[in-house]
$ cat my_file_32.csv   # CSV, C-alpha atoms and all ligand atoms
chain,number,residue,atom,x,y,z
Q,101,MET,CA,153.1,15.5,125.5
Q,102,MET,CA,154.5,12.0,125.8
Q,103,SER,CA,153.1,11.5,129.3
Q,104,ASP,CA,149.7,11.3,127.6
Q,105,GLU,CA,150.3,7.9,126.1
Q,106,ARG,CA,152.0,6.6,129.2
Q,107,VAL,CA,149.0,7.4,131.4
Q,108,LEU,CA,146.6,5.8,129.0
Q,109,THR,CA,148.4,2.6,128.7
Q,110,ASP,CA,149.2,2.3,132.3
Q,111,THR,CA,146.2,0.2,133.2
Q,112,GLY,CA,148.1,-2.5,135.0
Q,113,LYS,CA,146.6,-1.9,138.4
Q,114,GLY,CA,144.8,1.3,138.2
Q,115,PRO,CA,141.1,1.8,138.4
Q,116,VAL,CA,140.0,-1.3,136.6
Q,117,GLY,CA,139.1,-0.9,133.0
Q,118,ARG,CA,139.2,2.8,133.3
Q,119,GLY,CA,142.5,3.8,131.9
Q,120,HIS,CA,141.4,7.4,131.5
Q,121,SER,CA,140.6,8.0,135.2
Q,122,THR,CA,142.7,10.4,137.1
Q,123,ALA,CA,141.6,10.3,140.7
Q,124,PRO,CA,143.1,7.3,142.5
Q,125,ARG,CA,140.6,4.9,143.9
Q,126,ILE,CA,140.9,3.9,147.6
Q,127,LEU,CA,139.1,1.1,149.3
Q,128,VAL,CA,138.6,1.7,153.1
Q,129,VAL,CA,137.8,-1.6,154.9
Q,130,GLU,CA,136.8,-0.6,158.5
Q,131,ASP,CA,133.9,-1.9,160.6
Q,132,GLU,CA,133.9,1.1,163.0
Q,133,ALA,CA,131.4,3.3,161.2
Q,134,SER,CA,132.5,6.6,162.6
Q,135,LEU,CA,136.1,6.0,161.7
Q,136,ALA,CA,135.2,4.8,158.2
Q,137,LEU,CA,133.2,7.9,157.7
Q,138,LEU,CA,136.0,10.2,159.0
Q,139,LEU,CA,138.5,8.5,156.7
Q,140,SER,CA,136.3,8.6,153.6
Q,141,TYR,CA,135.4,12.2,154.2
Q,142,ASN,CA,139.0,13.2,154.4
Q,143,LEU,CA,140.1,11.1,151.5
Q,144,GLU,CA,137.4,12.5,149.3
Q,145,ALA,CA,138.3,16.0,150.3
Q,146,GLU,CA,141.8,15.2,148.9
Q,147,GLY,CA,140.3,14.2,145.6
Q,148,TYR,CA,140.3,10.4,145.9
Q,149,ILE,CA,137.4,8.2,144.9
Q,150,VAL,CA,136.6,6.2,148.0
Q,151,ASP,CA,134.8,2.9,148.3
Q,152,ARG,CA,133.9,1.5,151.8
Q,153,GLU,CA,133.4,-2.0,153.1
Q,154,GLU,CA,132.6,-2.9,156.7
Q,155,ARG,CA,133.3,-6.6,156.6
Q,156,GLY,CA,136.3,-8.6,155.6
Q,157,ASP,CA,134.4,-11.1,153.4
Q,158,THR,CA,132.5,-8.4,151.4
Q,159,ALA,CA,135.8,-6.6,151.0
Q,160,GLU,CA,137.3,-9.7,149.4
Q,161,LEU,CA,134.4,-10.0,147.0
Q,162,ARG,CA,134.9,-6.4,145.9
Q,163,LEU,CA,138.6,-6.8,145.6
Q,164,ALA,CA,138.0,-9.9,143.4
Q,165,GLU,CA,136.1,-7.7,141.0
Q,166,GLN,CA,137.8,-4.4,141.2
Q,167,ILE,CA,141.3,-3.5,142.2
Q,168,PRO,CA,141.7,-0.1,143.7
Q,169,ASP,CA,144.9,2.0,143.8
Q,170,LEU,CA,145.3,1.6,147.5
Q,171,VAL,CA,143.6,-0.2,150.4
Q,172,VAL,CA,143.3,1.1,154.0
Q,173,LEU,CA,142.7,-2.1,155.8
Q,174,ASP,CA,141.6,-2.5,159.4
Q,175,TRP,CA,143.1,-5.5,161.2
Q,176,MET,CA,140.1,-6.7,163.2
Q,177,LEU,CA,137.1,-7.2,161.0
Q,178,PRO,CA,134.0,-9.4,161.0
Q,179,GLY,CA,134.1,-12.1,158.4
Q,180,VAL,CA,137.7,-12.3,157.4
Q,181,SER,CA,140.5,-10.5,159.3
Q,182,GLY,CA,142.5,-7.7,157.7
Q,183,LEU,CA,145.6,-9.8,158.3
Q,184,GLU,CA,144.2,-12.6,156.3
Q,185,ILE,CA,143.0,-10.3,153.5
Q,186,CYS,CA,146.5,-8.9,153.3
Q,187,ARG,CA,148.0,-12.3,153.0
Q,188,ARG,CA,145.6,-13.3,150.3
Q,189,LEU,CA,146.1,-10.1,148.3
Q,190,ARG,CA,149.9,-10.7,148.4
Q,191,ALA,CA,149.4,-14.2,147.1
Q,192,ARG,CA,147.5,-13.0,144.0
Q,193,ASP,CA,149.4,-11.8,141.0
Q,194,ALA,CA,147.1,-8.9,140.3
Q,195,THR,CA,147.4,-7.5,143.8
Q,196,ARG,CA,150.9,-8.5,144.7
Q,197,THR,CA,152.1,-4.9,144.7
Q,198,LEU,CA,148.8,-3.2,145.6
Q,199,PRO,CA,149.6,-0.6,148.3
Q,200,ILE,CA,148.1,-1.5,151.7
Q,201,ILE,CA,148.0,0.5,154.9
Q,202,MET,CA,146.9,-1.6,157.9
Q,203,LEU,CA,145.1,0.0,160.8
Q,204,THR,CA,145.0,-1.5,164.2
Q,205,ALA,CA,144.2,-0.8,167.8
Q,206,ARG,CA,147.0,-3.0,168.9
Q,207,GLY,CA,150.3,-1.2,169.1
Q,208,GLU,CA,152.6,-3.9,170.3
Q,209,GLU,CA,155.8,-4.3,168.3
Q,210,SER,CA,155.1,-8.0,167.7
Q,211,GLU,CA,151.8,-7.2,166.0
Q,212,ARG,CA,153.4,-4.5,163.9
Q,213,VAL,CA,156.0,-7.0,162.7
Q,214,ARG,CA,153.3,-9.5,161.9
Q,215,GLY,CA,151.4,-6.9,159.9
Q,216,LEU,CA,154.5,-6.1,157.9
Q,217,SER,CA,155.5,-9.7,157.5
Q,218,VAL,CA,152.2,-10.5,155.7
Q,219,GLY,CA,153.0,-7.7,153.3
Q,220,ALA,CA,151.4,-4.5,154.4
Q,221,ASP,CA,153.3,-1.5,153.1
Q,222,ASP,CA,152.6,0.6,156.1
Q,223,TYR,CA,151.0,0.2,159.5
Q,224,VAL,CA,149.1,2.8,161.5
Q,225,VAL,CA,148.1,2.4,165.2
Q,226,LYS,CA,144.8,3.8,166.4
Q,227,PRO,CA,144.1,6.4,167.4
Q,228,PHE,CA,146.1,8.1,164.7
Q,229,SER,CA,146.1,11.6,163.3
Q,230,VAL,CA,144.2,12.0,160.1
Q,231,PRO,CA,146.7,14.3,158.5
Q,232,GLU,CA,149.4,11.8,159.2
Q,233,LEU,CA,147.4,9.0,157.5
Q,234,MET,CA,146.7,11.3,154.5
Q,235,ALA,CA,150.5,11.9,154.2
Q,236,ARG,CA,151.1,8.2,154.2
Q,237,VAL,CA,148.5,7.6,151.6
Q,238,ARG,CA,150.0,10.2,149.4
Q,239,ALA,CA,153.5,8.9,149.9
Q,240,LEU,CA,152.5,5.3,149.1
Q,241,LEU,CA,150.5,6.3,146.0
Q,242,ARG,CA,153.4,8.4,144.7
Q,243,ARG,CA,155.8,5.5,145.2
Q,244,ALA,CA,153.4,3.1,143.5
Q,245,ARG,CA,152.5,5.3,140.5
Q,246,PRO,CA,155.0,8.1,140.2
Q,247,GLU,CA,153.9,9.1,136.7
Q,248,ARG,CA,150.3,9.6,137.8
Q,249,ILE,CA,151.1,11.3,141.0
Q,250,ALA,CA,153.8,13.7,139.7
Q,251,ALA,CA,153.6,16.6,142.1
Q,252,ARG,CA,153.0,19.3,139.6
Q,253,LEU,CA,151.3,19.9,136.3
Q,254,GLN,CA,152.2,23.0,134.3
Q,255,SER,CA,151.0,24.5,131.1
Q,256,GLY,CA,151.8,28.1,130.1
Q,257,ASP,CA,151.2,30.3,133.1
Q,258,ILE,CA,149.0,27.8,134.9
Q,259,GLU,CA,150.6,25.6,137.6
Q,260,LEU,CA,148.7,22.9,139.5
Q,261,ASP,CA,150.3,21.5,142.6
Q,262,ARG,CA,148.8,18.2,143.7
Q,263,GLU,CA,150.7,18.1,147.0
Q,264,THR,CA,149.3,21.4,148.2
Q,265,ARG,CA,146.1,21.2,146.1
Q,266,ARG,CA,146.8,24.7,144.9
Q,267,VAL,CA,146.6,26.2,141.5
Q,268,HIS,CA,148.3,29.4,140.4
Q,269,ARG,CA,148.0,31.4,137.2
Q,270,ALA,CA,150.8,34.0,136.4
Q,271,GLY,CA,151.7,33.9,140.1
Q,272,ARG,CA,148.2,34.5,141.6
Q,273,GLU,CA,146.4,31.8,143.4
Q,274,LEU,CA,143.2,30.6,141.9
Q,275,HIS,CA,140.3,29.5,144.1
Q,276,LEU,CA,138.8,26.3,142.9
Q,277,GLY,CA,136.3,24.0,144.5
Q,278,PRO,CA,137.3,20.4,144.8
Q,279,THR,CA,135.4,19.3,141.7
Q,280,GLU,CA,136.8,22.1,139.6
Q,281,PHE,CA,140.3,21.2,140.9
Q,282,ARG,CA,139.8,17.5,139.8
Q,283,LEU,CA,138.4,18.6,136.5
Q,284,LEU,CA,141.3,20.8,135.8
Q,285,GLU,CA,143.8,18.2,136.9
Q,286,PHE,CA,142.2,15.6,134.7
Q,287,LEU,CA,142.1,17.8,131.6
Q,288,MET,CA,145.7,19.1,132.2
Q,289,GLU,CA,147.1,15.6,132.3
Q,290,LYS,CA,146.1,15.0,128.7
Q,291,PRO,CA,146.3,18.2,126.8
Q,292,GLY,CA,144.5,18.1,123.5
Q,293,ARG,CA,142.5,15.1,124.2
Q,294,VAL,CA,138.8,15.6,123.9
Q,295,PHE,CA,136.6,14.0,126.6
Q,296,SER,CA,132.9,13.5,126.4
Q,297,ARG,CA,130.7,14.6,129.3
Q,298,ALA,CA,130.2,10.9,130.2
Q,299,GLN,CA,133.9,10.3,130.4
Q,300,LEU,CA,134.4,13.4,132.6
Q,301,LEU,CA,131.6,12.3,134.9
Q,302,ASP,CA,133.2,8.9,135.2
Q,303,ALA,CA,136.7,10.2,135.8
Q,304,VAL,CA,136.0,13.2,138.0
Q,305,TRP,CA,132.8,12.2,139.9
Q,306,GLY,CA,133.4,8.4,139.9
Q,307,LEU,CA,131.6,5.4,138.6
Q,308,SER,CA,128.8,5.4,141.0
Q,309,ALA,CA,127.8,9.0,140.4
Q,310,GLU,CA,124.4,9.3,139.0
Q,311,ILE,CA,124.6,12.8,137.9
Q,312,ASP,CA,123.1,14.6,134.9
Q,313,GLU,CA,125.6,15.3,132.2
Q,314,ARG,CA,124.7,19.0,132.3
Q,315,THR,CA,126.4,19.1,135.7
Q,316,VAL,CA,129.7,18.8,133.8
Q,317,ASP,CA,128.8,22.0,131.9
Q,318,VAL,CA,128.1,23.8,135.1
Q,319,HIS,CA,131.4,22.9,136.6
Q,320,VAL,CA,133.4,23.7,133.5
Q,321,GLY,CA,131.7,27.1,133.5
Q,322,ARG,CA,132.8,27.6,137.1
Q,323,LEU,CA,136.3,26.4,136.3
Q,324,ARG,CA,136.6,28.8,133.4
Q,325,LYS,CA,135.5,31.7,135.6
Q,326,ALA,CA,138.0,30.8,138.3
Q,327,VAL,CA,140.9,30.3,135.9
Q,328,SER,CA,140.6,33.2,133.4
Q,329,ARG,CA,140.2,36.9,134.0
Q,330,VAL,CA,138.9,39.2,131.3
Q,331,ARG,CA,141.4,39.2,128.4
Q,332,GLU,CA,143.2,36.2,129.6
Q,333,ARG,CA,143.2,33.2,127.3
Q,334,ASP,CA,140.8,30.4,128.2
Q,335,PRO,CA,142.7,27.1,128.3
Q,336,ILE,CA,139.6,25.0,128.0
Q,337,ARG,CA,138.2,24.2,124.7
Q,338,THR,CA,134.6,23.3,124.0
Q,339,VAL,CA,134.3,20.8,121.2
Q,340,ARG,CA,130.8,21.0,119.9
Q,341,GLY,CA,129.0,17.7,119.9
Q,342,SER,CA,131.9,16.0,121.7
Q,343,GLY,CA,132.9,17.5,125.0
Q,344,TYR,CA,135.9,19.4,126.4
Q,345,SER,CA,139.7,19.4,126.3
Q,346,PHE,CA,142.6,21.3,127.7
Q,347,ASP,CA,144.0,23.3,124.7
Q,348,GLU,CA,147.3,21.8,123.8
Q,349,THR,CA,148.5,25.0,122.3
Q,350,PHE,CA,147.9,26.9,125.5
Q,351,GLY,CA,151.4,26.8,126.8
Q,352,ARG,CA,152.7,28.0,123.5
Q,353,GLY,CA,151.3,31.5,123.7
W,401,CA,CA,137.8,-3.3,163.6
$ encode --input "my_file_32.csv" --output "structure tokens"
Amino acid sequence: MMSDERVLTDTGKGPVGRGHSTAPRILVVEDEASLALLLSYNLEAEGYIVDREERGDTAELRLAEQIPDLVVLDWMLPGVSGLEICRRLRARDATRTLPIIMLTARGEESERVRGLSVGADDYVVKPFSVPELMARVRALLRRARPERIAARLQSGDIELDRETRRVHRAGRELHLGPTEFRLLEFLMEKPGRVFSRAQLLDAVWGLSAEIDERTVDVHVGRLRKAVSRVRERDPIRTVRGSGYSFDETFGRG
């Protein structure tokens, strides 16, 4: 699969220094705690890795160190305003094209124009519907990284749809938990490549996860159970002493 190489070399503005990561990383900068929580809860449920900042100045420090795949940026923030952060991000080479969605309580047309004029890609007025914001996040990520956010992955009789978050095998729907879904998605993106448990933890659970590596085995076990019935071929290969991979010969019968 050629897409393999492309994914791995495309580290231009992905999760920094983590070319093998699948889940897009989203930074939510919002000082209203309940809204920040609601957003991160919903974004995580969609499989994204979410970081949160409550202040403009701390958000800038984080953005100087690590560039996410997308920023949801509140307009009015303590420290530095969202508008100013947006302007500064656009002035930096590394973040010139970083997707930014601005949030604001002010819905006047003039404010909207101001937000877009400093370079926000999209603009959402509070209160907004969460599904609508999720749709905009997806659309923006797809536009920014089409090769990583291709809507479907297919191998043999297994089809994974990122839009609907559904997986089918030979036409029947498989019921996967969110972690199993991400695990399968990650492995299917790079068939044949063997990943260590540490790499899988990093990619599927996120950098901050302090989880025992045996957790990976537990979830791979669940994934296998969900994907393969008796007598069906197991697409996941255990490589002793190394880790796991999606069998590259799987689609070939
Ligand atoms: Ca605010």
$ closest_residue --input "my_file_32.csv" --among "Q:Ser296, Q:Phe346, Q:Glu165, Q:Leu274" --to "Lys325 of chain Q" --atoms "all atoms listed in the file"
Q:Leu274
$ closest_residue --input "my_file_32.csv" --among "Q:Thr197, Q:Ser181, Q:Thr315, Q:Ser255" --to "Glu280 of chain Q" --atoms "all atoms listed in the file"
Q:Thr315
$ residues_near_ligand --input "my_file_32.csv" --ligand "ligand CA 401 (chain W)" --cutoff "10 Å" --atoms "all atoms listed in the file" --output "PyMOL selection string"
chain Q and resi 129-133+135+154-156+173-178+181-182+203-205
$ write_last_selection --input "my_file_32.csv" --atoms "C-alpha atoms" --output "PDB file, in the frame of the given file"
ATOM      1  CA  VAL Q 129     137.800  -1.600 154.900  1.00  0.00           C
ATOM      2  CA  GLU Q 130     136.800  -0.600 158.500  1.00  0.00           C
ATOM      3  CA  ASP Q 131     133.900  -1.900 160.600  1.00  0.00           C
ATOM      4  CA  GLU Q 132     133.900   1.100 163.000  1.00  0.00           C
ATOM      5  CA  ALA Q 133     131.400   3.300 161.200  1.00  0.00           C
ATOM      6  CA  LEU Q 135     136.100   6.000 161.700  1.00  0.00           C
ATOM      7  CA  GLU Q 154     132.600  -2.900 156.700  1.00  0.00           C
ATOM      8  CA  ARG Q 155     133.300  -6.600 156.600  1.00  0.00           C
ATOM      9  CA  GLY Q 156     136.300  -8.600 155.600  1.00  0.00           C
ATOM     10  CA  LEU Q 173     142.700  -2.100 155.800  1.00  0.00           C
ATOM     11  CA  ASP Q 174     141.600  -2.500 159.400  1.00  0.00           C
ATOM     12  CA  TRP Q 175     143.100  -5.500 161.200  1.00  0.00           C
ATOM     13  CA  MET Q 176     140.100  -6.700 163.200  1.00  0.00           C
ATOM     14  CA  LEU Q 177     137.100  -7.200 161.000  1.00  0.00           C
ATOM     15  CA  PRO Q 178     134.000  -9.400 161.000  1.00  0.00           C
ATOM     16  CA  SER Q 181     140.500 -10.500 159.300  1.00  0.00           C
ATOM     17  CA  GLY Q 182     142.500  -7.700 157.700  1.00  0.00           C
ATOM     18  CA  LEU Q 203     145.100   0.000 160.800  1.00  0.00           C
ATOM     19  CA  THR Q 204     145.000  -1.500 164.200  1.00  0.00           C
ATOM     20  CA  ALA Q 205     144.200  -0.800 167.800  1.00  0.00           C
TER      21      ALA Q 205
END
$ residues_near_point --input "my_file_32.csv" --point "(152.3, 18.1, 141.1)" --cutoff "9 Å" --atoms "only C-alpha atoms" --output "count of residues only"
13
$ residues_around --input "my_file_32.csv" --residues "Arg188 of chain Q" --least-positions-apart "5" --cutoff "9 Å" --atoms "all atoms listed in the file" --output "short mmCIF file (atom, residue, chain, number, x, y, z; two decimals) with C-alpha atoms, in the frame of the given file"
data_model
loop_
_atom_site.label_atom_id
_atom_site.label_comp_id
_atom_site.auth_asym_id
_atom_site.auth_seq_id
_atom_site.Cartn_x
_atom_site.Cartn_y
_atom_site.Cartn_z
CA LEU Q 183 145.60 -9.80 158.30
CA THR Q 195 147.40 -7.50 143.80
CA VAL Q 218 152.20 -10.50 155.70
#
$ closest_residue --input "my_file_32.csv" --among "Q:Ile311, Q:Ile258, Q:Ala145, Q:Ser217" --to "Glu285 of chain Q" --atoms "all atoms listed in the file"
Q:Ile258
$ closest_residue --input "my_file_32.csv" --among "Q:Gly351, Q:Gly256, Q:Gly277, Q:Pro124" --to "Ala326 of chain Q" --atoms "all atoms listed in the file"
Q:Gly277
$ closest_residue --input "my_file_32.csv" --among "Q:Phe286, Q:Tyr223, Q:Phe228, Q:Phe350" --to "Ala123 of chain Q" --atoms "all atoms listed in the file"
Q:Phe286
$ atom_distance --input "my_file_32.csv" --atom1 "atom CA of Asp222 of chain Q" --atom2 "atom CA of Ile201 of chain Q"
4.8 Å
$ atom_distance --input "my_file_32.csv" --atom1 "atom CA of Asp257 of chain Q" --atom2 "atom CA of Pro291 of chain Q"
14.5 Å
$ residues_around --input "my_file_32.csv" --residues "Val304 of chain Q" --least-positions-apart "4" --cutoff "9 Å" --atoms "only C-alpha atoms" --output "PyMOL selection string"
chain Q and resi 121-123+147+149+279+282-283+286+299-300
